[in-house]
Structure formats: structure tokens, C-alpha cells
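Below is model.pdb, holding PDB, C-alpha atoms and all ligand atoms.
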ATOM      1  CA  MET G   1     -13.965  -1.843 -18.422  1.00  0.00           C
ATOM      2  CA  SER G   2     -11.094   0.583 -18.756  1.00  0.00           C
ATOM      3  CA  SER G   3      -8.641   0.796 -21.618  1.00  0.00           C
ATOM      4  CA  PRO G   4      -5.362  -1.166 -21.557  1.00  0.00           C
ATOM      5  CA  GLU G   5      -3.481   2.161 -21.219  1.00  0.00           C
ATOM      6  CA  ILE G   6      -5.364   2.991 -18.057  1.00  0.00           C
ATOM      7  CA  GLU G   7      -4.951  -0.542 -16.697  1.00  0.00           C
ATOM      8  CA  THR G   8      -1.178  -0.462 -17.274  1.00  0.00           C
ATOM      9  CA  LEU G   9      -0.816   2.884 -15.529  1.00  0.00           C
ATOM     10  CA  THR G  10      -3.047   1.793 -12.669  1.00  0.00           C
ATOM     11  CA  GLN G  11      -0.999  -1.356 -12.136  1.00  0.00           C
ATOM     12  CA  ALA G  12       2.264   0.595 -12.237  1.00  0.00           C
ATOM     13  CA  LEU G  13       1.023   3.097  -9.658  1.00  0.00           C
ATOM     14  CA  ALA G  14      -0.454   0.361  -7.457  1.00  0.00           C
ATOM     15  CA  ARG G  15       3.080  -0.963  -6.916  1.00  0.00           C
ATOM     16  CA  LEU G  16       4.153   2.282  -5.238  1.00  0.00           C
ATOM     17  CA  PRO G  17       4.507   2.067  -1.456  1.00  0.00           C
ATOM     18  CA  GLY G  18       1.375   3.233   0.302  1.00  0.00           C
ATOM     19  CA  LEU G  19      -0.798   2.933  -2.795  1.00  0.00           C
ATOM     20  CA  GLY G  20      -3.083  -0.012  -3.413  1.00  0.00           C
ATOM     21  CA  PRO G  21      -5.172  -0.672  -6.533  1.00  0.00           C
ATOM     22  CA  ARG G  22      -7.984   1.556  -5.241  1.00  0.00           C
ATOM     23  CA  SER G  23      -5.829   4.623  -4.596  1.00  0.00           C
ATOM     24  CA  ALA G  24      -3.955   3.969  -7.838  1.00  0.00           C
ATOM     25  CA  ARG G  25      -7.212   4.065  -9.788  1.00  0.00           C
ATOM     26  CA  ARG G  26      -8.181   7.324  -8.098  1.00  0.00           C
ATOM     27  CA  ALA G  27      -4.774   8.801  -8.911  1.00  0.00           C
ATOM     28  CA  VAL G  28      -5.123   7.767 -12.562  1.00  0.00           C
ATOM     29  CA  LEU G  29      -8.552   9.402 -12.827  1.00  0.00           C
ATOM     30  CA  TRP G  30      -7.183  12.526 -11.194  1.00  0.00           C
ATOM     31  CA  LEU G  31      -4.353  12.633 -13.735  1.00  0.00           C
ATOM     32  CA  ILE G  32      -6.664  12.055 -16.691  1.00  0.00           C
ATOM     33  CA  LYS G  33      -8.832  14.971 -15.637  1.00  0.00           C
ATOM     34  CA  ARG G  34      -5.741  17.158 -15.420  1.00  0.00           C
ATOM     35  CA  ARG G  35      -4.036  15.947 -18.584  1.00  0.00           C
ATOM     36  CA  GLU G  36      -3.313  19.523 -19.619  1.00  0.00           C
ATOM     37  CA  SER G  37      -2.360  21.056 -16.294  1.00  0.00           C
ATOM     38  CA  ALA G  38      -0.743  18.493 -13.955  1.00  0.00           C
ATOM     39  CA  LEU G  39       0.503  15.751 -16.270  1.00  0.00           C
ATOM     40  CA  PRO G  40       3.262  17.649 -18.130  1.00  0.00           C
ATOM     41  CA  ALA G  41       4.880  18.719 -14.831  1.00  0.00           C
ATOM     42  CA  LEU G  42       4.717  15.167 -13.493  1.00  0.00           C
ATOM     43  CA  LEU G  43       6.227  13.699 -16.669  1.00  0.00           C
ATOM     44  CA  GLU G  44       8.990  16.295 -16.594  1.00  0.00           C
ATOM     45  CA  ALA G  45       9.764  15.543 -12.928  1.00  0.00           C
ATOM     46  CA  LEU G  46       9.820  11.784 -13.562  1.00  0.00           C
ATOM     47  CA  SER G  47      12.137  12.036 -16.529  1.00  0.00           C
ATOM     48  CA  ARG G  48      14.469  14.330 -14.591  1.00  0.00           C
ATOM     49  CA  VAL G  49      14.635  11.720 -11.843  1.00  0.00           C
ATOM     50  CA  GLN G  50      15.449   9.036 -14.377  1.00  0.00           C
ATOM     51  CA  GLU G  51      18.092  11.131 -16.141  1.00  0.00           C
ATOM     52  CA  SER G  52      19.932  12.834 -13.347  1.00  0.00           C
ATOM     53  CA  LEU G  53      19.699  10.944 -10.067  1.00  0.00           C
ATOM     54  CA  VAL G  54      22.470   8.620  -8.954  1.00  0.00           C
ATOM     55  CA  GLU G  55      23.358   6.738  -5.805  1.00  0.00           C
ATOM     56  CA  CYS G  56      26.304   8.197  -3.905  1.00  0.00           C
ATOM     57  CA  THR G  57      29.105   5.629  -3.977  1.00  0.00           C
ATOM     58  CA  ILE G  58      30.281   6.732  -0.526  1.00  0.00           C
ATOM     59  CA  CYS G  59      27.126   6.919   1.576  1.00  0.00           C
ATOM     60  CA  GLY G  60      24.278   5.544  -0.548  1.00  0.00           C
ATOM     61  CA  ASN G  61      22.322   8.812  -0.623  1.00  0.00           C
ATOM     62  CA  VAL G  62      20.411   9.624  -3.811  1.00  0.00           C
ATOM     63  CA  ASP G  63      21.463  12.894  -5.417  1.00  0.00           C
ATOM     64  CA  THR G  64      22.362  14.444  -8.763  1.00  0.00           C
ATOM     65  CA  ALA G  65      26.049  13.744  -8.216  1.00  0.00           C
ATOM     66  CA  SER G  66      28.306  11.154  -6.610  1.00  0.00           C
ATOM     67  CA  PRO G  67      29.804  11.951  -4.101  1.00  0.00           C
ATOM     68  CA  CYS G  68      26.510  13.517  -2.997  1.00  0.00           C
ATOM     69  CA  ALA G  69      26.158  17.083  -1.734  1.00  0.00           C
ATOM     70  CA  ILE G  70      26.469  15.905   1.874  1.00  0.00           C
ATOM     71  CA  CYS G  71      29.628  13.832   1.318  1.00  0.00           C
ATOM     72  CA  ALA G  72      31.168  16.653  -0.733  1.00  0.00           C
ATOM     73  CA  ASP G  73      30.321  19.412   1.767  1.00  0.00           C
ATOM     74  CA  PRO G  74      33.544  20.465   3.564  1.00  0.00           C
ATOM     75  CA  ARG G  75      31.520  22.037   6.396  1.00  0.00           C
ATOM     76  CA  ARG G  76      30.260  18.597   7.402  1.00  0.00           C
ATOM     77  CA  ASP G  77      32.117  17.008  10.303  1.00  0.00           C
ATOM     78  CA  PRO G  78      33.952  13.991   8.839  1.00  0.00           C
ATOM     79  CA  ARG G  79      34.509  12.532  12.332  1.00  0.00           C
ATOM     80  CA  SER G  80      30.824  11.874  12.921  1.00  0.00           C
ATOM     81  CA  LEU G  81      28.966   9.206  10.952  1.00  0.00           C
ATOM     82  CA  CYS G  82      25.251   8.485  11.209  1.00  0.00           C
ATOM     83  CA  VAL G  83      24.051   5.053  10.053  1.00  0.00           C
ATOM     84  CA  VAL G  84      20.471   4.819   8.753  1.00  0.00           C
ATOM     85  CA  GLU G  85      18.367   2.060   7.200  1.00  0.00           C
ATOM     86  CA  ASP G  86      17.091   3.911   4.162  1.00  0.00           C
ATOM     87  CA  VAL G  87      17.567   7.084   2.151  1.00  0.00           C
ATOM     88  CA  ALA G  88      14.203   8.342   3.464  1.00  0.00           C
ATOM     89  CA  ASP G  89      15.646   8.199   7.004  1.00  0.00           C
ATOM     90  CA  LEU G  90      18.721  10.156   5.905  1.00  0.00           C
ATOM     91  CA  TRP G  91      16.464  12.861   4.455  1.00  0.00           C
ATOM     92  CA  ALA G  92      14.278  12.906   7.584  1.00  0.00           C
ATOM     93  CA  LEU G  93      17.313  13.351   9.835  1.00  0.00           C
ATOM     94  CA  ASP G  94      18.896  15.901   7.583  1.00  0.00           C
ATOM     95  CA  ARG G  95      15.719  17.995   7.536  1.00  0.00           C
ATOM     96  CA  SER G  96      16.145  18.336  11.323  1.00  0.00           C
ATOM     97  CA  HIS G  97      19.480  20.181  10.691  1.00  0.00           C
ATOM     98  CA  LEU G  98      20.817  18.835  13.979  1.00  0.00           C
ATOM     99  CA  PHE G  99      23.339  16.379  12.710  1.00  0.00           C
ATOM    100  CA  ALA G 100      26.411  18.010  11.244  1.00  0.00           C
ATOM    101  CA  GLY G 101      28.254  14.856  10.249  1.00  0.00           C
ATOM    102  CA  ARG G 102      27.932  12.490   7.324  1.00  0.00           C
ATOM    103  CA  TYR G 103      25.760   9.442   6.705  1.00  0.00           C
ATOM    104  CA  HIS G 104      25.823   5.794   5.764  1.00  0.00           C
ATOM    105  CA  VAL G 105      22.740   4.193   4.204  1.00  0.00           C
ATOM    106  CA  LEU G 106      22.435   0.452   4.903  1.00  0.00           C
ATOM    107  CA  GLY G 107      19.810  -0.212   2.274  1.00  0.00           C
ATOM    108  CA  GLY G 108      17.440  -1.948   4.687  1.00  0.00           C
ATOM    109  CA  ARG G 109      17.572  -3.849   7.957  1.00  0.00           C
ATOM    110  CA  LEU G 110      18.369  -7.387   8.987  1.00  0.00           C
ATOM    111  CA  SER G 111      15.301  -9.580   8.855  1.00  0.00           C
ATOM    112  CA  ALA G 112      15.146 -13.324   9.449  1.00  0.00           C
ATOM    113  CA  LEU G 113      11.562 -13.282   8.218  1.00  0.00           C
ATOM    114  CA  GLU G 114      12.365 -11.632   4.887  1.00  0.00           C
ATOM    115  CA  GLY G 115      15.734 -13.347   4.565  1.00  0.00           C
ATOM    116  CA  VAL G 116      17.784 -10.135   4.731  1.00  0.00           C
ATOM    117  CA  ARG G 117      21.328 -11.042   5.804  1.00  0.00           C
ATOM    118  CA  PRO G 118      24.293  -8.794   6.714  1.00  0.00           C
ATOM    119  CA  GLU G 119      25.782  -9.273   3.243  1.00  0.00           C
ATOM    120  CA  ASP G 120      22.560  -7.909   1.701  1.00  0.00           C
ATOM    121  CA  LEU G 121      23.203  -4.560   3.402  1.00  0.00           C
ATOM    122  CA  THR G 122      26.139  -2.168   3.024  1.00  0.00           C
ATOM    123  CA  ILE G 123      27.664  -3.270   6.353  1.00  0.00           C
ATOM    124  CA  ALA G 124      31.004  -4.268   4.797  1.00  0.00           C
ATOM    125  CA  ALA G 125      31.283  -0.811   3.225  1.00  0.00           C
ATOM    126  CA  LEU G 126      30.469   0.764   6.594  1.00  0.00           C
ATOM    127  CA  LEU G 127      33.218  -1.241   8.321  1.00  0.00           C
ATOM    128  CA  ALA G 128      35.633  -0.223   5.559  1.00  0.00           C
ATOM    129  CA  ARG G 129      34.783   3.456   6.086  1.00  0.00           C
ATOM    130  CA  VAL G 130      35.390   3.155   9.823  1.00  0.00           C
ATOM    131  CA  GLU G 131      38.544   1.118   9.307  1.00  0.00           C
ATOM    132  CA  ALA G 132      39.928   3.790   6.985  1.00  0.00           C
ATOM    133  CA  GLY G 133      40.046   6.040  10.050  1.00  0.00           C
ATOM    134  CA  GLY G 134      39.165   9.642  10.748  1.00  0.00           C
ATOM    135  CA  ILE G 135      35.804   8.758  12.316  1.00  0.00           C
ATOM    136  CA  ASP G 136      35.314   9.265  16.064  1.00  0.00           C
ATOM    137  CA  GLU G 137      31.610   8.653  16.508  1.00  0.00           C
ATOM    138  CA  VAL G 138      29.132   6.320  14.834  1.00  0.00           C
ATOM    139  CA  VAL G 139      25.489   7.117  15.537  1.00  0.00           C
ATOM    140  CA  LEU G 140      23.217   4.133  14.962  1.00  0.00           C
ATOM    141  CA  ALA G 141      19.937   5.705  13.851  1.00  0.00           C
ATOM    142  CA  MET G 142      17.919   2.586  13.209  1.00  0.00           C
ATOM    143  CA  ASN G 143      14.134   2.526  13.469  1.00  0.00           C
ATOM    144  CA  ALA G 144      12.697   1.635  16.886  1.00  0.00           C
ATOM    145  CA  THR G 145      11.407  -1.656  15.500  1.00  0.00           C
ATOM    146  CA  LEU G 146      12.560  -5.135  16.521  1.00  0.00           C
ATOM    147  CA  GLU G 147      14.432  -5.564  13.234  1.00  0.00           C
ATOM    148  CA  GLY G 148      15.919  -2.074  13.440  1.00  0.00           C
ATOM    149  CA  GLN G 149      17.238  -2.766  16.923  1.00  0.00           C
ATOM    150  CA  THR G 150      18.584  -6.202  15.937  1.00  0.00           C
ATOM    151  CA  THR G 151      20.454  -4.476  13.121  1.00  0.00           C
ATOM    152  CA  ALA G 152      21.839  -1.831  15.490  1.00  0.00           C
ATOM    153  CA  HIS G 153      23.113  -4.510  17.903  1.00  0.00           C
ATOM    154  CA  TYR G 154      24.712  -6.470  15.103  1.00  0.00           C
ATOM    155  CA  ILE G 155      26.513  -3.388  13.774  1.00  0.00           C
ATOM    156  CA  ALA G 156      27.591  -2.318  17.264  1.00  0.00           C
ATOM    157  CA  GLU G 157      29.217  -5.745  17.691  1.00  0.00           C
ATOM    158  CA  ARG G 158      30.986  -5.545  14.363  1.00  0.00           C
ATOM    159  CA  LEU G 159      32.274  -2.051  15.228  1.00  0.00           C
ATOM    160  CA  GLU G 160      33.602  -3.110  18.617  1.00  0.00           C
ATOM    161  CA  PRO G 161      37.192  -3.716  17.433  1.00  0.00           C
ATOM    162  CA  PHE G 162      37.466  -0.128  16.181  1.00  0.00           C
ATOM    163  CA  PRO G 163      38.339   2.878  18.358  1.00  0.00           C
ATOM    164  CA  VAL G 164      35.034   4.681  17.751  1.00  0.00           C
ATOM    165  CA  HIS G 165      32.381   5.937  20.120  1.00  0.00           C
ATOM    166  CA  ILE G 166      29.117   4.163  19.258  1.00  0.00           C
ATOM    167  CA  THR G 167      25.856   5.877  20.134  1.00  0.00           C
ATOM    168  CA  GLN G 168      22.218   5.184  19.448  1.00  0.00           C
ATOM    169  CA  LEU G 169      19.177   7.411  19.128  1.00  0.00           C
ATOM    170  CA  ALA G 170      17.425   7.858  22.466  1.00  0.00           C
ATOM    171  CA  HIS G 171      14.135   6.112  22.340  1.00  0.00           C
ATOM    172  CA  GLY G 172      11.768   8.766  23.115  1.00  0.00           C
ATOM    173  CA  LEU G 173      11.105   7.294  19.693  1.00  0.00           C
ATOM    174  CA  PRO G 174       7.754   5.558  19.911  1.00  0.00           C
ATOM    175  CA  VAL G 175       8.075   1.763  19.965  1.00  0.00           C
ATOM    176  CA  GLY G 176       7.598   0.494  16.441  1.00  0.00           C
ATOM    177  CA  GLY G 177       8.286   4.028  15.275  1.00  0.00           C
ATOM    178  CA  GLU G 178       9.828   4.636  11.905  1.00  0.00           C
ATOM    179  CA  LEU G 179      12.075   7.658  11.556  1.00  0.00           C
ATOM    180  CA  ASP G 180      10.574   8.790   8.326  1.00  0.00           C
ATOM    181  CA  TYR G 181       7.166   9.262   9.952  1.00  0.00           C
ATOM    182  CA  LEU G 182       8.292  11.208  13.014  1.00  0.00           C
ATOM    183  CA  ASP G 183       7.801  14.911  13.389  1.00  0.00           C
ATOM    184  CA  GLU G 184      11.029  16.891  13.446  1.00  0.00           C
ATOM    185  CA  GLY G 185      10.718  17.745  17.150  1.00  0.00           C
ATOM    186  CA  THR G 186      10.647  14.097  18.248  1.00  0.00           C
ATOM    187  CA  LEU G 187      13.446  13.252  15.880  1.00  0.00           C
ATOM    188  CA  ALA G 188      15.556  16.184  17.053  1.00  0.00           C
ATOM    189  CA  GLN G 189      15.113  15.165  20.677  1.00  0.00           C
ATOM    190  CA  ALA G 190      16.069  11.563  19.956  1.00  0.00           C
ATOM    191  CA  LEU G 191      19.207  12.724  18.174  1.00  0.00           C
ATOM    192  CA  ARG G 192      20.172  15.188  20.902  1.00  0.00           C
ATOM    193  CA  ALA G 193      19.737  12.575  23.632  1.00  0.00           C
ATOM    194  CA  ARG G 194      21.643   9.841  21.792  1.00  0.00           C
ATOM    195  CA  ARG G 195      23.375   7.475  24.166  1.00  0.00           C
ATOM    196  CA  PRO G 196      26.169   4.938  24.158  1.00  0.00           C
ATOM    197  CA  VAL G 197      25.197   1.499  22.870  1.00  0.00           C
ATOM    198  CA  GLY G 198      25.374  -0.875  25.818  1.00  0.00           C
TER     199      GLY G 198
HETATM  200 ZN    ZN J 201      27.136  10.664  -0.049  1.00  0.00          ZN
END

Any chance you could put this one into C-alpha cells?
Amino acid sequence: MSSPEIETLTQALARLPGLGPRSARRAVLWLIKRRESALPALLEALSRVQESLVECTICGNVDTASPCAICADPRRDPRSLCVVEDVADLWALDRSHLFAGRYHVLGGRLSALEGVRPEDLTIAALLARVEAGGIDEVVLAMNATLEGQTTAHYIAERLEPFPVHITQLAHGLPVGGELDYLDEGTLAQALRARRPVG
């Protein structure tokens, strides 16, 4: 029997992606043993996240300011827009330093199974950005999953009326592959070899 404090923390951690109850319990024990050394830094980092992080109203990135550092950076090419499912994908692509344009975070992917519809994603905002003009290329950087590809096709269709070049990551991406998990080399190659959506 563990104390209610430990149970509450374990349950909170168990909700994190990739952690189940077992790993959560191990993490809690680890933290308890390092109450003096590791816990203050973790608490500080968590409260900083709560206090200072916001969602960029333009692209959906998470940063300390809105517009985010990427949207506000004048060296970024405003004519090139890369559409990703999640913020983690944006970060993964941006770590590769190969894409010099700006981003648009959808906030997920279309899924009949999970009931995710176009209006649940930021597709309307994406169309508005393209409609506003000044964008020449839209790179659809969806995951190489069935749902990711369905989403890419749907967006490509919706973008058809606009005078933009639509490209897609080349799928040297492993089938079922999620961007966030790829090494930078694979990701860089997929971005370099992007192709028109057909
Ligand atoms: Zn932004």
C-alpha cells in the first residue's frame, strides 16, 4: 500500500504518452529517491512550462511568444509552408535544419475510427493562410500512416483551387513511420526528395 500522495502522482504520470502504470510507479520511486537533487529542477521546469508557453496563433507551434520564433523570423521563407500533424513533427523537421519556410500544425489527423473530422483540425485556418496569398509551395509532411496519407489527400484536394505548388514528403519514410521517431538523416532525405502530390 502506498500513500495517497504517491498514488495521485503515479496516476498523473501514467497518463503521459508512452508511460503506463508500471513505468509511472518506477518514475515516482526514482523521484522520491532524488527528492533533494532532481525534484526541484523538475518542478521548476514544469512551472516554467505552465507560466510561459503559449500556442502560436498563426502556426500552432508551442513557444514562449505568439507569433512564435519561427513565424516571427524574417529569414524564414514566407513563400514555403510545411503542414504537419503535430507540434512534435514540427520540432522534428526543424531539427533537420533543411526546411527554411514556415509551418502549419493541424493538431492531429483525420480518423474515421476516432471520429476526427476536418473541422476538428486547423484545416480552415490553413486554407485561409493560403488564400491570403504570398505562399508558393505547400509541403504536406504527414506521417506515412494510412490516416496521415488520407489527411494529405484531403488537404491536397482542398488546396486545388489555389495557385500553389503542392508537394509531399518522399516516402523513403518507412510505411507506418511517424516523423517524430525518424532519425534526422531519413527525415532530411524525405524532405529533400519531396514530390508533387498526384
Ligand atoms: Zn508560429

**Item:** Closest of G:Val87, G:Ala152, G:Ile123, G:Val197 to ligand ZN 201 (chain J) - atom-to-atom distances counting only C-alpha atoms and all ligand atoms
**Value:**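 Checking each of G:Val87, G:Ala152, G:Ile123, G:Val197 against ligand ZN 201 (chain J), counting only C-alpha atoms and all ligand atoms, the winner is G:Val87.
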
**Surrounding residues of segment 125-136 of chain G excluding itself and chain neighbours under 2 positions, 8 Å, all atoms listed in the file, as an MDAnalysis selection string** = chainID G and resid 78:81 104 122:123 138 158:159 162:165

**Complete:** Of G:Arg26, G:Arg48, G:Arg192, G:Arg76, the one nearest to ligand ZN 201 (chain J) when counting only C-alpha atoms and all ligand atoms is G:Arg76

**Request:** Could you give me, as number ranges by chain, every polymer residue with an atom at most 10 Å away from an atom of ligand ZN 201 (chain J), counting all atoms listed in the file?
**Result:** G: 55-63, 65-73, 102-105

**Request:** Using only C-alpha atoms, determine which residues lie at most 10 Å from Leu29 of chain G, disregarding the query and same-chain residues fewer than 6 positions distant; provide the list as a PyMOL selection string.
**Result:** chain G and resi 6+10+23+35

Those same residues, written as a tab-separated table (two decimals), keeping the file's coordinate frame with C-alpha atoms?
chain	number	residue	atom	x	y	z
G	6	ILE	CA	-5.36	2.99	-18.06
G	10	THR	CA	-3.05	1.79	-12.67
G	23	SER	CA	-5.83	4.62	-4.60
G	35	ARG	CA	-4.04	15.95	-18.58

**Point (22.9, 19.7, 14.1) neighbourhood (12 Å, only C-alpha atoms) written as an MDAnalysis selection string** = chainID G and resid 75:77 80 82 93:102 187:189 191:192

**Item:** One-decimal distance in Å that lies between atom CA of Asp180 of chain G and atom CA of Ala92 of chain G
**Value:**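 Taking atom CA of Ala92 of chain G and atom CA of Asp180 of chain G, their separation equals 5.6 Å.
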
**Request:** Might you pull out every residue within 10 Å of Leu179 of chain G, with only C-alpha atoms counted and same-chain residues fewer than 4 positions away left off, and present them as an MDAnalysis selection string?
**Result:** chainID G and resid 84:86 88:93 141:144 173:174 183:184 186:187

Could segment 21-36 of chain G be completed with N, CA and C atoms and returned as an mmCIF file, keeping the file's coordinate frame?
data_model
loop_
_atom_site.group_PDB
_atom_site.id
_atom_site.type_symbol
_atom_site.label_atom_id
_atom_site.label_comp_id
_atom_site.auth_asym_id
_atom_site.auth_seq_id
_atom_site.Cartn_x
_atom_site.Cartn_y
_atom_site.Cartn_z
ATOM 1 N N PRO G 21 -4.446 -0.805 -5.266
ATOM 2 C CA PRO G 21 -5.172 -0.672 -6.533
ATOM 3 C C PRO G 21 -6.235 0.437 -6.499
ATOM 4 N N ARG G 22 -6.915 0.568 -5.351
ATOM 5 C CA ARG G 22 -7.984 1.556 -5.241
ATOM 6 C C ARG G 22 -7.456 2.983 -5.353
ATOM 7 N N SER G 23 -6.407 3.277 -4.546
ATOM 8 C CA SER G 23 -5.829 4.623 -4.596
ATOM 9 C C SER G 23 -5.205 4.872 -5.950
ATOM 10 N N ALA G 24 -4.598 3.823 -6.535
ATOM 11 C CA ALA G 24 -3.955 3.969 -7.838
ATOM 12 C C ALA G 24 -5.001 4.379 -8.887
ATOM 13 N N ARG G 25 -6.164 3.742 -8.826
ATOM 14 C CA ARG G 25 -7.212 4.065 -9.788
ATOM 15 C C ARG G 25 -7.663 5.519 -9.619
ATOM 16 N N ARG G 26 -7.776 5.933 -8.350
ATOM 17 C CA ARG G 26 -8.181 7.324 -8.098
ATOM 18 C C ARG G 26 -7.132 8.296 -8.618
ATOM 19 N N ALA G 27 -5.851 7.936 -8.430
ATOM 20 C CA ALA G 27 -4.774 8.801 -8.911
ATOM 21 C C ALA G 27 -4.803 8.904 -10.437
ATOM 22 N N VAL G 28 -5.066 7.771 -11.092
ATOM 23 C CA VAL G 28 -5.123 7.767 -12.562
ATOM 24 C C VAL G 28 -6.253 8.673 -13.055
ATOM 25 N N LEU G 29 -7.424 8.555 -12.416
ATOM 26 C CA LEU G 29 -8.552 9.402 -12.827
ATOM 27 C C LEU G 29 -8.230 10.875 -12.620
ATOM 28 N N TRP G 30 -7.574 11.156 -11.496
ATOM 29 C CA TRP G 30 -7.183 12.526 -11.194
ATOM 30 C C TRP G 30 -6.267 13.062 -12.294
ATOM 31 N N LEU G 31 -5.308 12.217 -12.695
ATOM 32 C CA LEU G 31 -4.353 12.633 -13.735
ATOM 33 C C LEU G 31 -5.038 12.824 -15.086
ATOM 34 N N ILE G 32 -5.974 11.948 -15.401
ATOM 35 C CA ILE G 32 -6.664 12.055 -16.691
ATOM 36 C C ILE G 32 -7.436 13.376 -16.772
ATOM 37 N N LYS G 33 -8.074 13.715 -15.654
ATOM 38 C CA LYS G 33 -8.832 14.971 -15.637
ATOM 39 C C LYS G 33 -7.924 16.196 -15.769
ATOM 40 N N ARG G 34 -6.663 16.028 -15.369
ATOM 41 C CA ARG G 34 -5.741 17.158 -15.420
ATOM 42 C C ARG G 34 -4.634 16.935 -16.453
ATOM 43 N N ARG G 35 -5.014 16.243 -17.528
ATOM 44 C CA ARG G 35 -4.036 15.947 -18.584
ATOM 45 C C ARG G 35 -3.251 17.173 -19.007
ATOM 46 N N GLU G 36 -3.967 18.306 -19.119
ATOM 47 C CA GLU G 36 -3.313 19.523 -19.619
ATOM 48 C C GLU G 36 -2.497 20.227 -18.535
#
